[in-house]
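Raw contents of data_37.txt, compact mmCIF, N, CA and C atoms:
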```
# COMPACT_ATOMS: atom_id res chain seq x y z
N GLN H 1 62.82 -21.76 -22.52
CA GLN H 1 61.50 -21.73 -21.93
C GLN H 1 61.63 -21.71 -20.40
N VAL H 2 60.76 -20.97 -19.76
CA VAL H 2 60.76 -20.84 -18.32
C VAL H 2 59.55 -21.58 -17.75
N GLN H 3 59.79 -22.31 -16.71
CA GLN H 3 58.69 -22.96 -16.01
C GLN H 3 58.55 -22.38 -14.62
N LEU H 4 57.32 -22.13 -14.23
CA LEU H 4 57.00 -21.62 -12.90
C LEU H 4 56.09 -22.65 -12.22
N VAL H 5 56.47 -23.07 -11.05
CA VAL H 5 55.69 -24.07 -10.33
C VAL H 5 55.25 -23.49 -9.00
N GLU H 6 53.93 -23.37 -8.85
CA GLU H 6 53.38 -22.84 -7.61
C GLU H 6 53.09 -23.96 -6.62
N SER H 7 53.12 -23.61 -5.35
CA SER H 7 52.74 -24.55 -4.31
C SER H 7 52.23 -23.78 -3.11
N GLY H 8 51.54 -24.48 -2.23
CA GLY H 8 51.12 -23.87 -0.98
C GLY H 8 49.65 -23.54 -0.87
N GLY H 9 48.90 -23.71 -1.94
CA GLY H 9 47.48 -23.44 -1.84
C GLY H 9 46.76 -24.45 -0.99
N GLY H 10 45.49 -24.18 -0.71
CA GLY H 10 44.72 -25.10 0.09
C GLY H 10 43.48 -24.46 0.65
N LEU H 11 42.96 -25.09 1.68
CA LEU H 11 41.74 -24.62 2.35
C LEU H 11 42.09 -24.13 3.74
N VAL H 12 41.73 -22.89 4.02
CA VAL H 12 41.97 -22.30 5.33
C VAL H 12 40.71 -21.60 5.80
N GLN H 13 40.71 -21.25 7.07
CA GLN H 13 39.59 -20.50 7.61
C GLN H 13 39.91 -19.01 7.61
N ALA H 14 38.89 -18.22 7.61
CA ALA H 14 39.08 -16.78 7.65
C ALA H 14 39.91 -16.39 8.87
N GLY H 15 40.84 -15.46 8.64
CA GLY H 15 41.71 -15.01 9.71
C GLY H 15 43.03 -15.74 9.78
N GLU H 16 43.12 -16.87 9.11
CA GLU H 16 44.37 -17.65 9.14
C GLU H 16 45.37 -17.11 8.12
N SER H 17 46.55 -17.70 8.16
CA SER H 17 47.64 -17.29 7.28
C SER H 17 48.07 -18.45 6.40
N LEU H 18 48.67 -18.10 5.28
CA LEU H 18 49.16 -19.11 4.34
C LEU H 18 50.25 -18.47 3.48
N THR H 19 51.21 -19.28 3.08
CA THR H 19 52.26 -18.80 2.20
C THR H 19 52.24 -19.59 0.89
N LEU H 20 52.19 -18.86 -0.20
CA LEU H 20 52.33 -19.47 -1.51
C LEU H 20 53.77 -19.32 -1.98
N SER H 21 54.24 -20.33 -2.69
CA SER H 21 55.60 -20.29 -3.22
C SER H 21 55.58 -20.54 -4.72
N CYS H 22 56.50 -19.91 -5.40
CA CYS H 22 56.64 -20.09 -6.85
C CYS H 22 58.12 -20.31 -7.13
N THR H 23 58.43 -21.46 -7.67
CA THR H 23 59.80 -21.78 -8.00
C THR H 23 60.01 -21.73 -9.51
N ALA H 24 61.00 -20.98 -9.92
CA ALA H 24 61.29 -20.81 -11.34
C ALA H 24 62.38 -21.79 -11.77
N SER H 25 62.32 -22.15 -13.05
CA SER H 25 63.30 -23.10 -13.58
C SER H 25 64.63 -22.44 -13.91
N ARG H 26 64.68 -21.11 -13.79
CA ARG H 26 65.92 -20.38 -14.05
C ARG H 26 66.17 -19.38 -12.94
N SER H 27 67.37 -18.85 -12.95
CA SER H 27 67.74 -17.87 -11.95
C SER H 27 66.81 -16.66 -11.99
N LEU H 28 66.43 -16.16 -10.83
CA LEU H 28 65.56 -15.01 -10.76
C LEU H 28 66.20 -13.76 -11.35
N PHE H 29 67.49 -13.76 -11.47
CA PHE H 29 68.15 -12.58 -12.00
C PHE H 29 67.87 -12.40 -13.50
N ARG H 30 67.29 -13.43 -14.13
CA ARG H 30 66.89 -13.33 -15.54
C ARG H 30 65.58 -12.58 -15.71
N PHE H 31 64.90 -12.29 -14.60
CA PHE H 31 63.55 -11.74 -14.69
C PHE H 31 63.51 -10.30 -14.19
N ARG H 32 62.83 -9.45 -14.96
CA ARG H 32 62.66 -8.06 -14.55
C ARG H 32 61.73 -7.96 -13.34
N VAL H 33 60.72 -8.76 -13.37
CA VAL H 33 59.71 -8.69 -12.32
C VAL H 33 59.07 -10.06 -12.15
N MET H 34 58.69 -10.35 -10.94
CA MET H 34 57.90 -11.54 -10.66
C MET H 34 56.71 -11.12 -9.82
N GLY H 35 55.66 -11.90 -9.90
CA GLY H 35 54.49 -11.50 -9.14
C GLY H 35 53.45 -12.57 -9.03
N TRP H 36 52.39 -12.19 -8.36
CA TRP H 36 51.25 -13.06 -8.17
C TRP H 36 49.99 -12.37 -8.67
N TYR H 37 49.19 -13.09 -9.40
CA TYR H 37 47.88 -12.68 -9.82
C TYR H 37 46.88 -13.70 -9.28
N ARG H 38 45.62 -13.32 -9.28
CA ARG H 38 44.60 -14.26 -8.87
C ARG H 38 43.34 -14.09 -9.71
N GLN H 39 42.59 -15.17 -9.79
CA GLN H 39 41.34 -15.14 -10.54
C GLN H 39 40.28 -15.90 -9.78
N ALA H 40 39.27 -15.17 -9.39
CA ALA H 40 38.13 -15.77 -8.70
C ALA H 40 37.10 -16.20 -9.73
N PRO H 41 36.23 -17.13 -9.39
CA PRO H 41 35.21 -17.59 -10.34
C PRO H 41 34.38 -16.43 -10.87
N GLY H 42 34.25 -16.36 -12.18
CA GLY H 42 33.44 -15.33 -12.80
C GLY H 42 34.07 -13.96 -12.85
N LYS H 43 35.32 -13.87 -12.43
CA LYS H 43 35.99 -12.56 -12.43
C LYS H 43 37.25 -12.60 -13.28
N GLN H 44 37.74 -11.43 -13.62
CA GLN H 44 38.96 -11.34 -14.39
C GLN H 44 40.18 -11.56 -13.49
N ARG H 45 41.24 -11.98 -14.12
CA ARG H 45 42.49 -12.14 -13.38
C ARG H 45 42.97 -10.76 -12.94
N GLU H 46 43.43 -10.68 -11.70
CA GLU H 46 43.85 -9.40 -11.17
C GLU H 46 45.20 -9.51 -10.48
N LEU H 47 45.91 -8.39 -10.49
CA LEU H 47 47.21 -8.32 -9.84
C LEU H 47 47.05 -8.40 -8.33
N VAL H 48 47.94 -9.14 -7.69
CA VAL H 48 47.98 -9.18 -6.23
C VAL H 48 49.22 -8.44 -5.73
N ALA H 49 50.39 -8.85 -6.23
CA ALA H 49 51.64 -8.24 -5.78
C ALA H 49 52.73 -8.55 -6.78
N THR H 50 53.71 -7.64 -6.86
CA THR H 50 54.87 -7.86 -7.71
C THR H 50 56.14 -7.47 -6.97
N ILE H 51 57.24 -8.02 -7.42
CA ILE H 51 58.55 -7.65 -6.89
C ILE H 51 59.54 -7.63 -8.04
N THR H 52 60.32 -6.56 -8.13
CA THR H 52 61.29 -6.44 -9.21
C THR H 52 62.61 -7.12 -8.83
N ASN H 53 63.50 -7.22 -9.81
CA ASN H 53 64.79 -7.83 -9.48
C ASN H 53 65.62 -6.93 -8.58
N GLY H 54 65.17 -5.68 -8.42
CA GLY H 54 65.83 -4.79 -7.47
C GLY H 54 65.20 -4.81 -6.09
N GLY H 55 64.11 -5.56 -5.97
CA GLY H 55 63.44 -5.71 -4.68
C GLY H 55 62.29 -4.76 -4.43
N SER H 56 61.95 -3.92 -5.41
CA SER H 56 60.81 -3.03 -5.24
C SER H 56 59.51 -3.82 -5.34
N THR H 57 58.56 -3.47 -4.49
CA THR H 57 57.31 -4.22 -4.44
C THR H 57 56.11 -3.32 -4.71
N THR H 58 55.07 -3.91 -5.25
CA THR H 58 53.79 -3.24 -5.40
C THR H 58 52.70 -4.20 -4.95
N TYR H 59 51.61 -3.65 -4.47
CA TYR H 59 50.50 -4.46 -3.98
C TYR H 59 49.17 -3.89 -4.45
N ALA H 60 48.24 -4.78 -4.69
CA ALA H 60 46.87 -4.35 -4.89
C ALA H 60 46.35 -3.78 -3.58
N ASP H 61 45.39 -2.89 -3.67
CA ASP H 61 44.83 -2.31 -2.44
C ASP H 61 44.30 -3.39 -1.51
N SER H 62 43.73 -4.44 -2.09
CA SER H 62 43.16 -5.51 -1.28
C SER H 62 44.22 -6.31 -0.52
N ALA H 63 45.46 -6.21 -0.98
CA ALA H 63 46.55 -6.98 -0.38
C ALA H 63 47.41 -6.16 0.59
N LYS H 64 47.35 -4.85 0.48
CA LYS H 64 48.19 -4.00 1.30
C LYS H 64 47.92 -4.22 2.79
N GLY H 65 49.00 -4.37 3.53
CA GLY H 65 48.88 -4.56 4.96
C GLY H 65 48.62 -5.99 5.39
N ARG H 66 48.28 -6.85 4.44
CA ARG H 66 48.00 -8.25 4.80
C ARG H 66 48.95 -9.23 4.10
N PHE H 67 49.36 -8.89 2.88
CA PHE H 67 50.20 -9.79 2.10
C PHE H 67 51.61 -9.21 1.98
N THR H 68 52.58 -10.10 1.91
CA THR H 68 53.97 -9.70 1.71
C THR H 68 54.60 -10.59 0.65
N ILE H 69 55.14 -9.97 -0.37
CA ILE H 69 55.84 -10.72 -1.41
C ILE H 69 57.34 -10.62 -1.15
N SER H 70 58.03 -11.72 -1.36
CA SER H 70 59.47 -11.73 -1.14
C SER H 70 60.11 -12.71 -2.12
N ARG H 71 61.41 -12.60 -2.26
CA ARG H 71 62.11 -13.49 -3.17
C ARG H 71 63.33 -14.09 -2.49
N ASP H 72 63.61 -15.32 -2.82
CA ASP H 72 64.78 -16.03 -2.34
C ASP H 72 65.60 -16.39 -3.57
N ASN H 73 66.57 -15.57 -3.88
CA ASN H 73 67.33 -15.76 -5.12
C ASN H 73 68.10 -17.08 -5.12
N ALA H 74 68.54 -17.51 -3.97
CA ALA H 74 69.30 -18.75 -3.89
C ALA H 74 68.45 -19.96 -4.25
N LYS H 75 67.15 -19.85 -3.99
CA LYS H 75 66.24 -20.97 -4.26
C LYS H 75 65.38 -20.73 -5.49
N ASN H 76 65.62 -19.63 -6.21
CA ASN H 76 64.81 -19.28 -7.39
C ASN H 76 63.32 -19.26 -7.05
N THR H 77 63.01 -18.74 -5.90
CA THR H 77 61.65 -18.81 -5.39
C THR H 77 61.12 -17.43 -5.01
N VAL H 78 59.86 -17.21 -5.31
CA VAL H 78 59.15 -16.02 -4.86
C VAL H 78 57.99 -16.49 -3.98
N ASN H 79 57.86 -15.87 -2.84
CA ASN H 79 56.84 -16.25 -1.88
C ASN H 79 55.81 -15.15 -1.70
N LEU H 80 54.61 -15.56 -1.37
CA LEU H 80 53.55 -14.61 -1.03
C LEU H 80 53.00 -15.03 0.33
N GLN H 81 53.37 -14.28 1.35
CA GLN H 81 52.87 -14.52 2.70
C GLN H 81 51.54 -13.79 2.83
N MET H 82 50.50 -14.52 3.16
CA MET H 82 49.17 -13.94 3.26
C MET H 82 48.64 -14.12 4.67
N ASN H 83 48.31 -13.01 5.30
CA ASN H 83 47.78 -13.01 6.66
C ASN H 83 46.35 -12.50 6.66
N SER H 84 45.67 -12.78 7.74
CA SER H 84 44.28 -12.30 7.92
C SER H 84 43.44 -12.59 6.68
N LEU H 85 43.48 -13.80 6.23
CA LEU H 85 42.77 -14.16 5.00
C LEU H 85 41.27 -14.01 5.16
N LYS H 86 40.64 -13.62 4.05
CA LYS H 86 39.20 -13.39 4.01
C LYS H 86 38.58 -14.30 2.95
N PRO H 87 37.30 -14.58 3.08
CA PRO H 87 36.65 -15.40 2.04
C PRO H 87 36.81 -14.81 0.64
N GLU H 88 36.86 -13.49 0.54
CA GLU H 88 37.02 -12.87 -0.78
C GLU H 88 38.41 -13.05 -1.37
N ASP H 89 39.32 -13.62 -0.60
CA ASP H 89 40.64 -13.96 -1.14
C ASP H 89 40.61 -15.30 -1.89
N THR H 90 39.50 -15.98 -1.82
CA THR H 90 39.36 -17.26 -2.51
C THR H 90 39.54 -17.06 -4.01
N ALA H 91 40.46 -17.80 -4.59
CA ALA H 91 40.76 -17.66 -6.01
C ALA H 91 41.84 -18.67 -6.40
N VAL H 92 42.06 -18.77 -7.68
CA VAL H 92 43.24 -19.47 -8.17
C VAL H 92 44.35 -18.43 -8.26
N TYR H 93 45.49 -18.72 -7.65
CA TYR H 93 46.61 -17.79 -7.63
C TYR H 93 47.66 -18.25 -8.64
N TYR H 94 48.08 -17.31 -9.46
CA TYR H 94 49.02 -17.60 -10.53
C TYR H 94 50.33 -16.84 -10.31
N CYS H 95 51.40 -17.54 -10.48
CA CYS H 95 52.72 -16.91 -10.48
C CYS H 95 52.99 -16.36 -11.88
N TYR H 96 53.65 -15.24 -11.93
CA TYR H 96 53.89 -14.55 -13.20
C TYR H 96 55.32 -14.01 -13.20
N THR H 97 55.91 -14.01 -14.38
CA THR H 97 57.18 -13.35 -14.51
C THR H 97 57.37 -12.76 -15.90
N GLN H 98 58.20 -11.78 -15.96
CA GLN H 98 58.56 -11.14 -17.22
C GLN H 98 60.07 -11.07 -17.27
N ASP H 99 60.65 -11.63 -18.33
CA ASP H 99 62.12 -11.67 -18.36
C ASP H 99 62.69 -10.37 -18.93
N ILE H 100 63.99 -10.34 -19.07
CA ILE H 100 64.65 -9.09 -19.42
C ILE H 100 64.38 -8.66 -20.86
N VAL H 101 63.82 -9.53 -21.67
CA VAL H 101 63.40 -9.13 -23.03
C VAL H 101 61.89 -9.13 -23.14
N TYR H 102 61.22 -9.04 -22.00
CA TYR H 102 59.77 -8.81 -21.89
C TYR H 102 58.91 -10.01 -22.29
N ASN H 103 59.50 -11.20 -22.35
CA ASN H 103 58.66 -12.39 -22.49
C ASN H 103 57.93 -12.64 -21.18
N GLN H 104 56.68 -13.07 -21.28
CA GLN H 104 55.88 -13.30 -20.08
C GLN H 104 55.62 -14.79 -19.90
N TYR H 105 55.61 -15.21 -18.66
CA TYR H 105 55.39 -16.61 -18.34
C TYR H 105 54.43 -16.70 -17.15
N TRP H 106 53.64 -17.77 -17.16
CA TRP H 106 52.67 -18.00 -16.09
C TRP H 106 52.83 -19.41 -15.55
N GLY H 107 52.55 -19.55 -14.27
CA GLY H 107 52.46 -20.86 -13.68
C GLY H 107 51.09 -21.47 -13.95
N GLN H 108 50.90 -22.67 -13.48
CA GLN H 108 49.65 -23.39 -13.75
C GLN H 108 48.54 -22.99 -12.78
N GLY H 109 48.90 -22.32 -11.71
CA GLY H 109 47.91 -21.86 -10.74
C GLY H 109 47.77 -22.80 -9.56
N THR H 110 47.44 -22.22 -8.42
CA THR H 110 47.18 -22.99 -7.22
C THR H 110 45.93 -22.43 -6.55
N GLN H 111 45.07 -23.30 -6.11
CA GLN H 111 43.78 -22.89 -5.56
C GLN H 111 43.91 -22.54 -4.08
N LEU H 112 43.36 -21.39 -3.73
CA LEU H 112 43.21 -21.01 -2.32
C LEU H 112 41.73 -20.83 -2.05
N THR H 113 41.26 -21.52 -1.03
CA THR H 113 39.88 -21.37 -0.59
C THR H 113 39.88 -20.95 0.86
N VAL H 114 39.19 -19.85 1.13
CA VAL H 114 39.09 -19.34 2.49
C VAL H 114 37.63 -19.47 2.94
N SER H 115 37.41 -20.25 3.96
CA SER H 115 36.05 -20.46 4.45
C SER H 115 35.74 -19.47 5.56
N SER H 116 34.48 -19.12 5.65
CA SER H 116 34.07 -18.13 6.66
C SER H 116 33.68 -18.80 7.96
```

In structure tokens, how does this file's structure come out?
Amino acid sequence: QVQLVESGGGLVQAGESLTLSCTASRSLFRFRVMGWYRQAPGKQRELVATITNGGSTTYADSAKGRFTISRDNAKNTVNLQMNSLKPEDTAVYYCYTQDIVYNQYWGQGTQLTVSS
């Protein structure tokens, strides 16, 4: 079983920056892809960014140019650096991973609130 623990959420003002971190209970090399999703109240969960074990990244249009996903293999951690935050970024952010046999795992979520 894989555990993902998110940290770094909180309350910020619009325009500020914040970094979310996700630490996995196993080596990142066991995972095909890791990423971040978010779910705002009353909305469906949506993709924010992903990074493969080869380092390839993808971003939602809303995240392009503002968010950066990265991985620290030595610390089994994936980070999401978020800049120029907007009130519409307010959501619960979930860490996600898919291992090499396509099992999927989710973290418990961390709340980000961006005030205007």

List every protein, DNA or RNA residue with an atom no more than 8 Å from (66.7, -11.1, -14.2) in the file's coordinates, counting all atoms listed in the file, and format the result as a PDB file with N, CA and C atoms, in the coordinates of the input.
```
ATOM      1  N   SER H  27      67.370 -18.850 -12.950  1.00  0.00           N
ATOM      2  CA  SER H  27      67.740 -17.870 -11.950  1.00  0.00           C
ATOM      3  C   SER H  27      66.810 -16.660 -11.990  1.00  0.00           C
ATOM      4  N   LEU H  28      66.430 -16.160 -10.830  1.00  0.00           N
ATOM      5  CA  LEU H  28      65.560 -15.010 -10.760  1.00  0.00           C
ATOM      6  C   LEU H  28      66.200 -13.760 -11.350  1.00  0.00           C
ATOM      7  N   PHE H  29      67.490 -13.760 -11.470  1.00  0.00           N
ATOM      8  CA  PHE H  29      68.150 -12.580 -12.000  1.00  0.00           C
ATOM      9  C   PHE H  29      67.870 -12.400 -13.500  1.00  0.00           C
ATOM     10  N   ARG H  30      67.290 -13.430 -14.130  1.00  0.00           N
ATOM     11  CA  ARG H  30      66.890 -13.330 -15.540  1.00  0.00           C
ATOM     12  C   ARG H  30      65.580 -12.580 -15.710  1.00  0.00           C
ATOM     13  N   PHE H  31      64.900 -12.290 -14.600  1.00  0.00           N
ATOM     14  CA  PHE H  31      63.550 -11.740 -14.690  1.00  0.00           C
ATOM     15  C   PHE H  31      63.510 -10.300 -14.190  1.00  0.00           C
ATOM     16  N   ARG H  32      62.830  -9.450 -14.960  1.00  0.00           N
ATOM     17  CA  ARG H  32      62.660  -8.060 -14.550  1.00  0.00           C
ATOM     18  C   ARG H  32      61.730  -7.960 -13.340  1.00  0.00           C
ATOM     19  N   VAL H  33      60.720  -8.760 -13.370  1.00  0.00           N
ATOM     20  CA  VAL H  33      59.710  -8.690 -12.320  1.00  0.00           C
ATOM     21  C   VAL H  33      59.070 -10.060 -12.150  1.00  0.00           C
ATOM     22  N   THR H  52      60.320  -6.560  -8.130  1.00  0.00           N
ATOM     23  CA  THR H  52      61.290  -6.440  -9.210  1.00  0.00           C
ATOM     24  C   THR H  52      62.610  -7.120  -8.830  1.00  0.00           C
ATOM     25  N   ASN H  53      63.500  -7.220  -9.810  1.00  0.00           N
ATOM     26  CA  ASN H  53      64.790  -7.830  -9.480  1.00  0.00           C
ATOM     27  C   ASN H  53      65.620  -6.930  -8.580  1.00  0.00           C
ATOM     28  N   GLN H  98      58.200 -11.780 -15.960  1.00  0.00           N
ATOM     29  CA  GLN H  98      58.560 -11.140 -17.220  1.00  0.00           C
ATOM     30  C   GLN H  98      60.070 -11.070 -17.270  1.00  0.00           C
ATOM     31  N   ASP H  99      60.650 -11.630 -18.330  1.00  0.00           N
ATOM     32  CA  ASP H  99      62.120 -11.670 -18.360  1.00  0.00           C
ATOM     33  C   ASP H  99      62.690 -10.370 -18.930  1.00  0.00           C
ATOM     34  N   ILE H 100      63.990 -10.340 -19.070  1.00  0.00           N
ATOM     35  CA  ILE H 100      64.650  -9.090 -19.420  1.00  0.00           C
ATOM     36  C   ILE H 100      64.380  -8.660 -20.860  1.00  0.00           C
TER      37      ILE H 100
END
```

Distance atom C of Tyr96 of chain H-atom CA of Val78 of chain H, one decimal place? 9.4 Å

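Here atom CA of Gln44 of chain H is placed at a distance of 27.0 Å from atom CA of Ser25 of chain H.
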
Find the spatial neighbours of Leu18 of chain H, counting only N, CA and C atoms, within a cut-off of 8 Å - ignore same-chain residues fewer than 3 positions away - and output them as a count of residues only. 11

As a PyMOL selection string, which residues of chain H does DSSP assign to strand (DSSP E)? chain H and resi 4-7+10-13+18-24+31-39+46-52+57-59+67-72+77-82+91-99+104-106+110-115

Å distance separating atom CA of Gly54 of chain H from atom CA of Gln111 of chain H, one decimal place: 28.6 Å

So which one's closest to Pro41 of chain H, H:Cys22, H:Ala14, H:Val92, H:Ala74? Using all atoms listed in the file, please. H:Val92

Identify which of the residues H:Ser17, H:Gln3, H:Thr57, H:Asn76 lies closest to Tyr105 of chain H, counting all atoms listed in the file when measuring atom-to-atom distances. H:Gln3

May I have the residues at most 8 Å from (54.3, -6.6, -0.6) in the file's coordinates, counting only N, CA and C atoms, as a list in words?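 Within 8 Å of (54.3, -6.6, -0.6), the protein and nucleic acid residues are Val48, Ala49, Thr50, Ile51, Ser56, Thr57, Thr58, Tyr59, Ala60, Ala63, Lys64, Gly65, Arg66, Phe67, Thr68, Ile69, Ser70 and Gln81 of chain H.
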
With all atoms of segment 27-34 of chain H from the file as input, state the centre and edge lengths in Å to one decimal of the axis-aligned box that has 4 Å extra on each side, as lines of an AutoDock Vina configuration file.
```
center_x = 62.4
center_y = -13.4
center_z = -12.8
size_x = 19.4
size_y = 18.9
size_z = 13.9
```

Just the residues within 5 Å of Tyr93 of chain H, please, counting all atoms listed in the file, with nothing from its chain fewer than 4 positions along; format it as number ranges by chain. H: 37-38, 109-111

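Proximity ranking of H:Gln108, H:Thr97, H:Thr90, H:Asn103 relative to Gln13 of chain H places H:Thr90 first, based on only C-alpha atoms.
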